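Shown next: target.txt, given as compact mmCIF, C-alpha atoms and all ligand atoms.
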# COMPACT_ATOMS: atom_id res chain seq x y z
CA MET H 1 29.08 -43.44 -5.14
CA ASP H 2 28.65 -41.56 -1.91
CA THR H 3 27.04 -38.15 -1.75
CA PRO H 4 26.67 -36.69 1.75
CA ASP H 5 22.97 -36.06 1.39
CA ARG H 6 20.40 -36.08 -1.36
CA PRO H 7 17.99 -33.13 -1.01
CA ARG H 8 16.31 -34.31 -4.20
CA ARG H 9 14.68 -37.13 -2.19
CA LEU H 10 12.19 -34.56 -0.90
CA ARG H 11 11.49 -33.00 -4.28
CA ILE H 12 9.36 -35.80 -5.68
CA ASP H 13 5.70 -35.08 -6.19
CA GLY H 14 4.16 -36.85 -3.21
CA ILE H 15 6.38 -35.19 -0.59
CA ARG H 16 7.07 -31.77 -2.15
CA PRO H 17 3.93 -30.08 -0.77
CA LEU H 18 4.47 -31.62 2.67
CA VAL H 19 7.87 -30.00 3.08
CA SER H 20 6.85 -26.67 1.57
CA GLU H 21 7.89 -23.90 3.98
CA THR H 22 5.75 -21.04 2.74
CA THR H 23 2.11 -20.77 1.79
CA LEU H 24 0.15 -18.11 0.05
CA GLU H 25 -3.55 -17.70 0.70
CA ALA H 26 -6.26 -15.35 -0.46
CA THR H 27 -6.65 -14.17 3.13
CA ASP H 28 -3.05 -12.90 3.12
CA LEU H 29 -3.89 -10.39 0.41
CA ILE H 30 -5.23 -6.84 0.36
CA ALA H 31 -6.59 -5.52 -2.94
CA PRO H 32 -6.27 -1.81 -3.80
CA VAL H 33 -9.45 -0.10 -5.03
CA PHE H 34 -9.45 3.29 -6.79
CA VAL H 35 -12.59 5.35 -6.42
CA ASP H 36 -12.88 8.36 -8.69
CA ALA H 37 -15.28 11.24 -8.02
CA THR H 38 -14.66 12.76 -11.45
CA THR H 39 -16.31 10.00 -13.45
CA ASP H 40 -19.57 8.09 -13.58
CA GLU H 41 -18.10 5.22 -15.56
CA ARG H 42 -15.25 2.83 -14.97
CA VAL H 43 -11.99 4.13 -16.40
CA PRO H 44 -9.24 1.64 -17.24
CA ILE H 45 -5.85 2.48 -15.75
CA GLU H 46 -3.53 2.22 -18.71
CA THR H 47 -0.34 1.63 -16.78
CA MET H 48 -1.93 -1.11 -14.67
CA PRO H 49 -3.68 -3.56 -17.00
CA GLY H 50 -6.80 -5.08 -15.46
CA HIS H 51 -7.31 -2.21 -13.00
CA GLU H 52 -9.87 0.55 -13.28
CA ARG H 53 -10.93 3.64 -11.41
CA VAL H 54 -14.55 3.21 -10.42
CA PRO H 55 -17.15 5.87 -9.65
CA VAL H 56 -18.48 6.14 -6.09
CA ASP H 57 -21.67 4.48 -7.33
CA GLY H 58 -19.67 1.52 -8.59
CA ALA H 59 -17.55 0.98 -5.48
CA VAL H 60 -19.78 -1.71 -3.98
CA ASP H 61 -19.82 -3.75 -7.20
CA ARG H 62 -16.07 -3.48 -7.45
CA VAL H 63 -15.60 -4.73 -3.89
CA GLU H 64 -18.02 -7.59 -4.47
CA GLU H 65 -15.99 -8.71 -7.48
CA ILE H 66 -12.91 -8.79 -5.28
CA ARG H 67 -14.67 -10.67 -2.49
CA GLU H 68 -15.84 -13.33 -4.94
CA THR H 69 -12.23 -14.31 -5.55
CA GLY H 70 -11.70 -15.00 -1.84
CA VAL H 71 -9.84 -11.77 -1.04
CA GLU H 72 -11.48 -10.28 2.04
CA ALA H 73 -9.63 -7.01 2.57
CA ILE H 74 -9.33 -3.91 0.42
CA ILE H 75 -7.49 -0.62 0.64
CA VAL H 76 -9.31 2.39 -0.78
CA PHE H 77 -7.65 5.26 -2.65
CA GLY H 78 -9.61 8.28 -3.81
CA VAL H 79 -9.48 10.68 -6.71
CA PRO H 80 -11.40 13.76 -5.53
CA GLU H 81 -13.63 16.01 -7.58
CA SER H 82 -11.31 18.96 -6.98
CA LYS H 83 -7.99 19.73 -5.29
CA ASP H 84 -6.67 22.68 -3.32
CA GLY H 85 -3.53 23.87 -1.58
CA GLU H 86 -4.36 22.19 1.72
CA GLY H 87 -5.82 18.97 0.41
CA SER H 88 -9.07 19.64 2.23
CA GLY H 89 -10.84 16.97 0.17
CA ALA H 90 -8.90 14.41 2.18
CA TRP H 91 -10.95 14.98 5.33
CA ALA H 92 -14.24 16.21 3.84
CA ALA H 93 -17.13 14.34 5.44
CA ASP H 94 -18.62 13.86 1.95
CA GLY H 95 -15.26 13.29 0.24
CA VAL H 96 -14.75 10.53 -2.29
CA VAL H 97 -13.22 8.01 0.11
CA GLN H 98 -15.70 8.78 2.88
CA ALA H 99 -18.67 8.38 0.52
CA ALA H 100 -17.33 5.15 -0.95
CA VAL H 101 -16.44 3.67 2.44
CA ARG H 102 -19.88 4.44 3.79
CA ARG H 103 -21.45 2.41 1.01
CA ILE H 104 -18.92 -0.39 1.05
CA THR H 105 -19.23 -0.94 4.79
CA ALA H 106 -23.03 -0.74 4.66
CA GLU H 107 -23.39 -3.21 1.79
CA THR H 108 -20.49 -5.66 1.92
CA ASP H 109 -18.55 -7.66 4.50
CA ALA H 110 -15.17 -6.51 3.21
CA TYR H 111 -12.51 -5.46 5.69
CA VAL H 112 -12.00 -1.85 4.66
CA ILE H 113 -8.65 -0.11 4.99
CA THR H 114 -8.10 3.49 3.87
CA ASP H 115 -4.92 5.14 2.69
CA VAL H 116 -4.35 8.31 4.71
CA CYS H 117 -2.36 10.86 2.73
CA LEU H 118 -2.81 14.26 1.13
CA CYS H 119 -1.09 13.77 -2.24
CA GLU H 120 -4.24 12.92 -4.17
CA TYR H 121 -6.00 15.96 -2.69
CA THR H 122 -3.42 18.76 -2.90
CA ASP H 123 -3.14 20.78 -6.12
CA HIS H 124 0.67 20.51 -5.84
CA GLY H 125 0.60 16.72 -5.39
CA HIS H 126 2.78 16.60 -2.27
CA CYS H 127 1.82 14.47 0.72
CA GLY H 128 1.36 17.39 3.12
CA LEU H 129 1.19 21.15 3.54
CA LEU H 130 3.92 23.06 1.73
CA GLU H 131 6.64 25.15 3.33
CA PRO H 132 5.92 28.79 2.40
CA ASP H 133 8.80 28.98 -0.14
CA ALA H 134 8.63 25.42 -1.40
CA ARG H 135 7.78 26.29 -5.01
CA GLU H 136 10.86 28.51 -5.39
CA ASP H 137 13.36 26.70 -3.20
CA PRO H 138 14.18 23.12 -4.21
CA THR H 139 15.55 22.35 -0.73
CA LEU H 140 12.05 22.74 0.75
CA THR H 141 8.87 20.75 0.34
CA VAL H 142 6.43 19.69 3.02
CA GLU H 143 6.12 21.18 6.49
CA ASN H 144 5.97 18.33 8.97
CA ASP H 145 4.04 19.46 12.03
CA PRO H 146 1.17 21.38 10.43
CA THR H 147 0.61 18.32 8.24
CA LEU H 148 0.06 16.08 11.27
CA GLU H 149 -3.22 17.69 12.16
CA ALA H 150 -4.49 17.32 8.59
CA LEU H 151 -3.57 13.63 8.58
CA ALA H 152 -5.28 13.06 11.94
CA ARG H 153 -8.44 14.78 10.70
CA THR H 154 -8.35 12.65 7.58
CA ALA H 155 -7.99 9.43 9.54
CA VAL H 156 -10.84 10.40 11.88
CA SER H 157 -13.10 11.21 8.92
CA HIS H 158 -12.37 7.77 7.46
CA ALA H 159 -13.18 6.09 10.77
CA GLU H 160 -16.43 8.06 11.02
CA ALA H 161 -17.34 6.80 7.55
CA GLY H 162 -16.82 3.25 8.80
CA ALA H 163 -13.24 2.33 7.86
CA ASP H 164 -12.04 -0.74 9.74
CA MET H 165 -8.37 0.30 9.64
CA VAL H 166 -6.39 3.35 8.54
CA ALA H 167 -3.06 3.27 6.75
CA PRO H 168 -1.07 6.53 6.84
CA SER H 169 1.38 6.80 3.94
CA ALA H 170 2.63 10.39 4.12
CA MET H 171 5.95 9.64 5.86
CA MET H 172 5.68 12.58 8.25
CA ASP H 173 7.52 12.30 11.57
CA GLY H 174 5.03 11.71 14.37
CA MET H 175 2.13 10.88 12.06
CA VAL H 176 1.21 7.59 13.73
CA GLY H 177 1.09 9.21 17.18
CA ALA H 178 -0.97 12.13 15.92
CA ILE H 179 -3.43 9.81 14.20
CA ARG H 180 -3.69 7.49 17.23
CA GLU H 181 -4.46 10.47 19.44
CA GLY H 182 -6.99 11.84 16.96
CA LEU H 183 -8.76 8.50 16.65
CA ASP H 184 -8.81 7.92 20.41
CA ASP H 185 -10.13 11.42 21.16
CA ALA H 186 -12.93 10.85 18.65
CA GLY H 187 -13.83 7.55 20.32
CA HIS H 188 -12.28 5.26 17.67
CA THR H 189 -10.00 3.40 20.04
CA GLY H 190 -10.74 0.14 18.23
CA VAL H 191 -9.56 1.29 14.80
CA PRO H 192 -6.04 -0.04 14.18
CA ILE H 193 -3.27 1.73 12.30
CA MET H 194 -1.27 0.01 9.60
CA SER H 195 1.66 2.33 9.19
CA TYR H 196 3.58 2.70 5.95
CA ALA H 197 6.51 2.59 8.38
CA ALA H 198 9.41 2.18 5.97
CA LYS H 199 8.28 3.79 2.75
CA TYR H 200 11.00 4.53 0.25
CA GLU H 201 11.28 7.30 -2.30
CA SER H 202 10.88 4.81 -5.09
CA ALA H 203 10.63 5.05 -8.85
CA PHE H 204 8.35 1.99 -8.73
CA TYR H 205 5.33 4.16 -7.80
CA GLY H 206 5.08 5.65 -11.30
CA PRO H 207 2.01 3.74 -12.52
CA PHE H 208 0.14 4.45 -9.27
CA ARG H 209 0.67 8.16 -9.64
CA ASP H 210 -1.15 7.93 -12.97
CA ALA H 211 -3.88 5.82 -11.42
CA ALA H 212 -4.50 8.09 -8.44
CA ASP H 213 -3.44 11.32 -10.11
CA GLY H 214 -1.01 12.09 -7.29
CA ALA H 215 2.32 12.95 -8.90
CA PRO H 216 4.06 15.98 -7.34
CA ALA H 217 3.69 19.07 -9.54
CA PHE H 218 7.26 20.08 -8.73
CA GLY H 219 10.22 18.49 -7.00
CA ASP H 220 10.05 14.97 -5.62
CA ARG H 221 9.38 13.22 -2.31
CA ARG H 222 12.98 12.74 -1.19
CA HIS H 223 12.58 15.07 1.80
CA TYR H 224 10.03 12.81 3.43
CA GLN H 225 10.17 9.34 1.88
CA MET H 226 13.22 7.23 2.68
CA ASP H 227 16.47 7.02 0.76
CA PRO H 228 16.59 3.64 -1.06
CA ALA H 229 20.18 3.30 0.15
CA ASN H 230 19.15 2.94 3.79
CA ALA H 231 18.16 -0.18 5.67
CA ARG H 232 19.31 0.64 9.22
CA GLU H 233 17.35 3.87 9.08
CA ALA H 234 14.27 1.79 8.33
CA MET H 235 14.63 0.13 11.73
CA ARG H 236 14.54 3.57 13.41
CA GLU H 237 11.46 4.53 11.40
CA VAL H 238 9.70 1.31 12.38
CA GLU H 239 10.74 1.62 16.02
CA LEU H 240 9.24 5.12 16.19
CA ASP H 241 5.98 3.93 14.67
CA VAL H 242 5.81 1.10 17.20
CA GLU H 243 6.33 3.58 20.04
CA GLU H 244 3.62 5.80 18.59
CA GLY H 245 1.13 2.95 18.52
CA ALA H 246 1.24 1.35 15.07
CA ASP H 247 -0.56 -2.01 14.97
CA VAL H 248 0.77 -3.32 11.65
CA LEU H 249 4.14 -2.37 10.15
CA MET H 250 4.45 -1.96 6.43
CA VAL H 251 7.46 -1.94 4.14
CA LYS H 252 7.03 -0.42 0.69
CA PRO H 253 7.88 -1.30 -2.08
CA ALA H 254 8.21 -5.04 -1.53
CA LEU H 255 10.48 -6.89 -3.99
CA PRO H 256 13.37 -4.40 -4.10
CA TYR H 257 13.25 -4.19 -0.28
CA LEU H 258 12.94 -7.81 0.85
CA ASP H 259 15.97 -7.33 3.09
CA VAL H 260 14.00 -4.68 4.97
CA VAL H 261 10.94 -6.94 5.19
CA ARG H 262 13.17 -9.62 6.72
CA ASP H 263 14.79 -7.16 9.17
CA VAL H 264 11.41 -5.89 10.38
CA ARG H 265 10.17 -9.48 10.76
CA GLU H 266 13.18 -10.39 12.88
CA ARG H 267 13.21 -7.32 15.12
CA PHE H 268 9.53 -6.75 15.81
CA ASP H 269 6.66 -8.97 16.84
CA HIS H 270 3.95 -6.92 15.15
CA PRO H 271 2.36 -8.19 11.97
CA VAL H 272 4.43 -7.17 8.95
CA ALA H 273 2.85 -6.00 5.72
CA ALA H 274 4.58 -5.45 2.39
CA TYR H 275 3.26 -3.38 -0.50
CA ASN H 276 3.88 -5.01 -3.87
CA VAL H 277 3.56 -1.67 -5.65
CA SER H 278 2.26 -0.53 -9.00
CA GLY H 279 5.65 -0.69 -10.75
CA GLU H 280 6.19 -4.26 -9.57
CA TYR H 281 2.83 -5.13 -11.12
CA ALA H 282 3.33 -3.13 -14.31
CA MET H 283 6.71 -4.60 -15.14
CA LEU H 284 5.50 -8.19 -15.05
CA HIS H 285 2.54 -7.26 -17.22
CA ALA H 286 4.77 -5.42 -19.70
CA ALA H 287 7.17 -8.34 -19.99
CA SER H 288 4.38 -10.87 -20.34
CA GLU H 289 2.74 -8.80 -23.07
CA GLN H 290 5.99 -9.13 -24.99
CA GLY H 291 5.88 -12.86 -24.42
CA TRP H 292 9.05 -12.66 -22.35
CA LEU H 293 7.69 -13.84 -19.00
CA ASP H 294 4.84 -16.01 -17.81
CA LEU H 295 2.61 -13.58 -15.91
CA GLU H 296 0.85 -16.03 -13.61
CA ALA H 297 4.03 -17.85 -12.66
CA THR H 298 6.08 -14.72 -12.02
CA ALA H 299 3.29 -13.08 -10.04
CA TYR H 300 2.92 -16.14 -7.85
CA GLU H 301 6.66 -16.45 -7.33
CA SER H 302 6.90 -12.75 -6.46
CA LEU H 303 4.23 -12.93 -3.79
CA LEU H 304 5.58 -16.17 -2.40
CA SER H 305 9.01 -14.59 -2.03
CA ILE H 306 7.52 -11.63 -0.18
CA LYS H 307 5.91 -14.03 2.29
CA ARG H 308 9.08 -16.08 2.56
CA ALA H 309 11.00 -12.90 3.45
CA GLY H 310 8.65 -12.49 6.41
CA ALA H 311 5.53 -10.58 5.39
CA ASP H 312 2.25 -11.70 6.96
CA LEU H 313 0.10 -9.68 4.61
CA ILE H 314 0.64 -8.32 1.13
CA LEU H 315 -0.99 -5.37 -0.57
CA THR H 316 -1.00 -6.25 -4.24
CA TYR H 317 -2.68 -5.51 -7.56
CA PHE H 318 -2.37 -9.24 -8.28
CA ALA H 319 -4.70 -10.06 -5.37
CA GLU H 320 -7.76 -11.03 -7.36
CA ASP H 321 -5.98 -12.87 -10.17
CA LEU H 322 -3.95 -14.84 -7.71
CA ALA H 323 -6.74 -15.61 -5.29
CA GLU H 324 -8.82 -17.00 -8.12
CA ARG H 325 -6.17 -19.59 -8.80
CA LEU H 326 -5.41 -20.56 -5.20
C1 LIG S 401 0.26 7.95 -1.33
C2 LIG S 401 0.60 6.60 -1.86
C3 LIG S 401 1.43 6.24 -2.93
C4 LIG S 401 1.34 4.86 -3.05
C5 LIG S 401 0.49 4.42 -2.05
N1 LIG S 401 0.07 5.51 -1.30
C6 LIG S 401 2.17 7.08 -3.89
C7 LIG S 401 3.38 7.80 -3.49
O1 LIG S 401 3.83 7.83 -2.35
O2 LIG S 401 3.92 8.45 -4.40
C8 LIG S 401 2.03 4.02 -4.09
C9 LIG S 401 1.40 2.71 -4.38
C10 LIG S 401 1.88 2.02 -5.59
O3 LIG S 401 2.81 2.45 -6.32
O4 LIG S 401 1.30 0.97 -5.87
N2 LIG S 401 1.28 8.63 -0.70
Take the structure in the file and write it out as structure tokens.
Amino acid sequence: MDTPDRPRRLRIDGIRPLVSETTLEATDLIAPVFVDATTDERVPIETMPGHERVPVDGAVDRVEEIRETGVEAIIVFGVPESKDGEGSGAWAADGVVQAAVRRITAETDAYVITDVCLCEYTDHGHCGLLEPDAREDPTLTVENDPTLEALARTAVSHAEAGADMVAPSAMMDGMVGAIREGLDDAGHTGVPIMSYAAKYESAFYGPFRDAADGAPAFGDRRHYQMDPANAREAMREVELDVEEGADVLMVKPALPYLDVVRDVRERFDHPVAAYNVSGEYAMLHAASEQGWLDLEATAYESLLSIKRAGADLILTYFAEDLAERL
């Protein structure tokens, strides 16, 4: 019996690892850390089993736990003590992220990335400064250009606190350029920008919004985050961020947007990051709690597929669990 080829020849145990095309390593992963200025104890995040918000005092311990698994990089999100209309806590020199980053960089060797956005700091929960009539008029939300200055100030305050890299996630036009200019003017020419370049208006962020207390008080983010229907538009978004000086290009979420990850990989030579978001984490946990899916296996397969699609680095809530097994 003649078959043209027998791919199964390479699937036997001795050769399988040698012909494996994709690898996943602890150093590919970035672990999110939530620091909460409103608590002095760790608070479990219900929608994200295994994750907790930690007080500023506990940030160093939390990062050390992560480092012990082999994961070297973290991204810090903050829950501030109080919020206001402008989100001024985002750039406060003694704000929650700034205070935590100061300690983490002084006491650990972690590579520290900060999320640059206003949604956790504004009392309305939007990612920037509101248009004057935004609360009454559903066609309005965030005013682009006045928000740029706030984002630049925030990024500079993170760099002053010692952040190794900043990651703007507000999806304002021109934000990467404004932040690059702000950092350079303040002397932080060596701090790279990982841009949330193609960030979609996704329902998969739900659990995160509980974790970071950043859900919009009215309306949604469709006027600034991308329409899930659009992939070509993502290339324009990424192109602009490249022109404005982005160092790393991120696609978010990851699994429902692997086509976009692949497109960015093929068109640009910058490192590509993908954010395996809170909903992607929560759904595997929920199914495994029911006994319907094997958590470890599905998490591993998910992250492997994100790398196979073309991501160099992955932000993921599975970072520690996975790294421990690698
Ligand atoms: C802030 C921000 C969000 C996430 C990361 N940065 C929330 C949002 O845009 O609503 C989501 C991360 C996740 O779901 O894991 N803008």
Selection within 8 Å of ligand LIG 401 (chain S) by all atoms listed in the file, output as a ChimeraX atom specification | /H:77,115-120,127,169-170,199,201-202,204-209,214-215,221,225,253,275-279,316-317
Contacts of Leu284 in chain H within 12 Å, all atoms listed in the file, excl. fewer than 5 positions in-chain, as a JSON list (two decimals) with C-alpha atoms, in the coordinates of the input:
[["chain", "number", "residue", "atom", "x", "y", "z"],
["H", 47, "THR", "CA", -0.34, 1.63, -16.78],
["H", 48, "MET", "CA", -1.93, -1.11, -14.67],
["H", 49, "PRO", "CA", -3.68, -3.56, -17.00],
["H", 276, "ASN", "CA", 3.88, -5.01, -3.87],
["H", 277, "VAL", "CA", 3.56, -1.67, -5.65],
["H", 278, "SER", "CA", 2.26, -0.53, -9.00],
["H", 279, "GLY", "CA", 5.65, -0.69, -10.75],
["H", 289, "GLU", "CA", 2.74, -8.80, -23.07],
["H", 290, "GLN", "CA", 5.99, -9.13, -24.99],
["H", 291, "GLY", "CA", 5.88, -12.86, -24.42],
["H", 292, "TRP", "CA", 9.05, -12.66, -22.35],
["H", 293, "LEU", "CA", 7.69, -13.84, -19.00],
["H", 294, "ASP", "CA", 4.84, -16.01, -17.81],
["H", 295, "LEU", "CA", 2.61, -13.58, -15.91],
["H", 296, "GLU", "CA", 0.85, -16.03, -13.61],
["H", 297, "ALA", "CA", 4.03, -17.85, -12.66],
["H", 298, "THR", "CA", 6.08, -14.72, -12.02],
["H", 299, "ALA", "CA", 3.29, -13.08, -10.04],
["H", 300, "TYR", "CA", 2.92, -16.14, -7.85],
["H", 301, "GLU", "CA", 6.66, -16.45, -7.33],
["H", 302, "SER", "CA", 6.90, -12.75, -6.46],
["H", 317, "TYR", "CA", -2.68, -5.51, -7.56],
["H", 318, "PHE", "CA", -2.37, -9.24, -8.28]]
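Among the candidates H:Glu143, H:Asp220, H:Glu239, H:Asp312, the residue lying nearest to Val261 in chain H is H:Asp312 (atoms considered: only C-alpha atoms).
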Compile the contact shell of Pro146 in chain H as a VMD selection string: residues with an atom at most 12 Å away, counting only C-alpha atoms, same-chain residues fewer than 6 positions apart removed.
-> chain H and resid 86 127 to 132 152 to 153 172 to 175 178
Dump of C-alpha atoms for the selected residues, as an mmCIF file, in the frame of the given file:
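out-v6.cif, freshly written:
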data_model
loop_
_atom_site.group_PDB
_atom_site.id
_atom_site.type_symbol
_atom_site.label_atom_id
_atom_site.label_comp_id
_atom_site.auth_asym_id
_atom_site.auth_seq_id
_atom_site.Cartn_x
_atom_site.Cartn_y
_atom_site.Cartn_z
ATOM 1 C CA GLU H 86 -4.360 22.190 1.720
ATOM 2 C CA CYS H 127 1.820 14.470 0.720
ATOM 3 C CA GLY H 128 1.360 17.390 3.120
ATOM 4 C CA LEU H 129 1.190 21.150 3.540
ATOM 5 C CA LEU H 130 3.920 23.060 1.730
ATOM 6 C CA GLU H 131 6.640 25.150 3.330
ATOM 7 C CA PRO H 132 5.920 28.790 2.400
ATOM 8 C CA ALA H 152 -5.280 13.060 11.940
ATOM 9 C CA ARG H 153 -8.440 14.780 10.700
ATOM 10 C CA MET H 172 5.680 12.580 8.250
ATOM 11 C CA ASP H 173 7.520 12.300 11.570
ATOM 12 C CA GLY H 174 5.030 11.710 14.370
ATOM 13 C CA MET H 175 2.130 10.880 12.060
ATOM 14 C CA ALA H 178 -0.970 12.130 15.920
#
Skip range 265-269 of chain H itself and residues of its chain fewer than 3 positions away, then list as a PyMOL selection string all residues within 8 Å of it, counting all atoms listed in the file.
-> chain H and resi 261-262+272+310-311
Restricting the calculation to all atoms listed in the file, which member of H:Gly177, H:Pro228, H:Gly182, H:Gly190 is positioned closest to Met165 in chain H?
->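 That would be H:Gly190, the residue with the smallest distance to Met165 in chain H.
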Tell me, in Å to one decimal, how far CA of Pro216 in chain H is from CA of Ala134 in chain H.
->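 So the answer is 12.1 Å.
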Which residue, H:Ser88, H:Thr189, H:Thr114, H:Thr39, has the smallest gap to Val166 in chain H when you use only C-alpha atoms?
->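 Among H:Ser88, H:Thr189, H:Thr114, H:Thr39, it is H:Thr114 that comes nearest to Val166 in chain H.
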Because some atoms of range 216-227 of chain H are absent here, can you restore N, CA and C atoms and send them as a PDB file, in the frame of the given file?
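This went into out18.pdb:
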ATOM      1  N   PRO H 216       3.747  14.609  -7.779  1.00  0.00           N
ATOM      2  CA  PRO H 216       4.060  15.980  -7.340  1.00  0.00           C
ATOM      3  C   PRO H 216       4.218  16.906  -8.553  1.00  0.00           C
ATOM      4  N   ALA H 217       3.641  18.113  -8.436  1.00  0.00           N
ATOM      5  CA  ALA H 217       3.690  19.070  -9.540  1.00  0.00           C
ATOM      6  C   ALA H 217       5.089  19.646  -9.699  1.00  0.00           C
ATOM      7  N   PHE H 218       5.875  19.641  -8.646  1.00  0.00           N
ATOM      8  CA  PHE H 218       7.260  20.080  -8.730  1.00  0.00           C
ATOM      9  C   PHE H 218       8.054  19.283  -7.704  1.00  0.00           C
ATOM     10  N   GLY H 219       9.345  19.185  -7.946  1.00  0.00           N
ATOM     11  CA  GLY H 219      10.220  18.490  -7.000  1.00  0.00           C
ATOM     12  C   GLY H 219       9.867  17.011  -6.895  1.00  0.00           C
ATOM     13  N   ASP H 220      10.322  16.394  -5.821  1.00  0.00           N
ATOM     14  CA  ASP H 220      10.050  14.970  -5.620  1.00  0.00           C
ATOM     15  C   ASP H 220       9.794  14.758  -4.120  1.00  0.00           C
ATOM     16  N   ARG H 221       9.752  13.489  -3.693  1.00  0.00           N
ATOM     17  CA  ARG H 221       9.380  13.220  -2.310  1.00  0.00           C
ATOM     18  C   ARG H 221      10.595  12.860  -1.425  1.00  0.00           C
ATOM     19  N   ARG H 222      11.801  13.218  -1.907  1.00  0.00           N
ATOM     20  CA  ARG H 222      12.980  12.740  -1.190  1.00  0.00           C
ATOM     21  C   ARG H 222      13.153  13.351   0.190  1.00  0.00           C
ATOM     22  N   HIS H 223      12.455  14.472   0.472  1.00  0.00           N
ATOM     23  CA  HIS H 223      12.580  15.070   1.800  1.00  0.00           C
ATOM     24  C   HIS H 223      11.725  14.382   2.848  1.00  0.00           C
ATOM     25  N   TYR H 224      10.825  13.518   2.412  1.00  0.00           N
ATOM     26  CA  TYR H 224      10.030  12.810   3.430  1.00  0.00           C
ATOM     27  C   TYR H 224      10.043  11.304   3.257  1.00  0.00           C
ATOM     28  N   GLN H 225      10.063  10.794   2.026  1.00  0.00           N
ATOM     29  CA  GLN H 225      10.170   9.340   1.880  1.00  0.00           C
ATOM     30  C   GLN H 225      11.637   8.927   2.006  1.00  0.00           C
ATOM     31  N   MET H 226      11.858   7.647   2.331  1.00  0.00           N
ATOM     32  CA  MET H 226      13.220   7.230   2.680  1.00  0.00           C
ATOM     33  C   MET H 226      14.138   7.054   1.478  1.00  0.00           C
ATOM     34  N   ASP H 227      15.416   7.237   1.755  1.00  0.00           N
ATOM     35  CA  ASP H 227      16.470   7.020   0.760  1.00  0.00           C
ATOM     36  C   ASP H 227      16.609   5.518   0.510  1.00  0.00           C
TER      37      ASP H 227
END
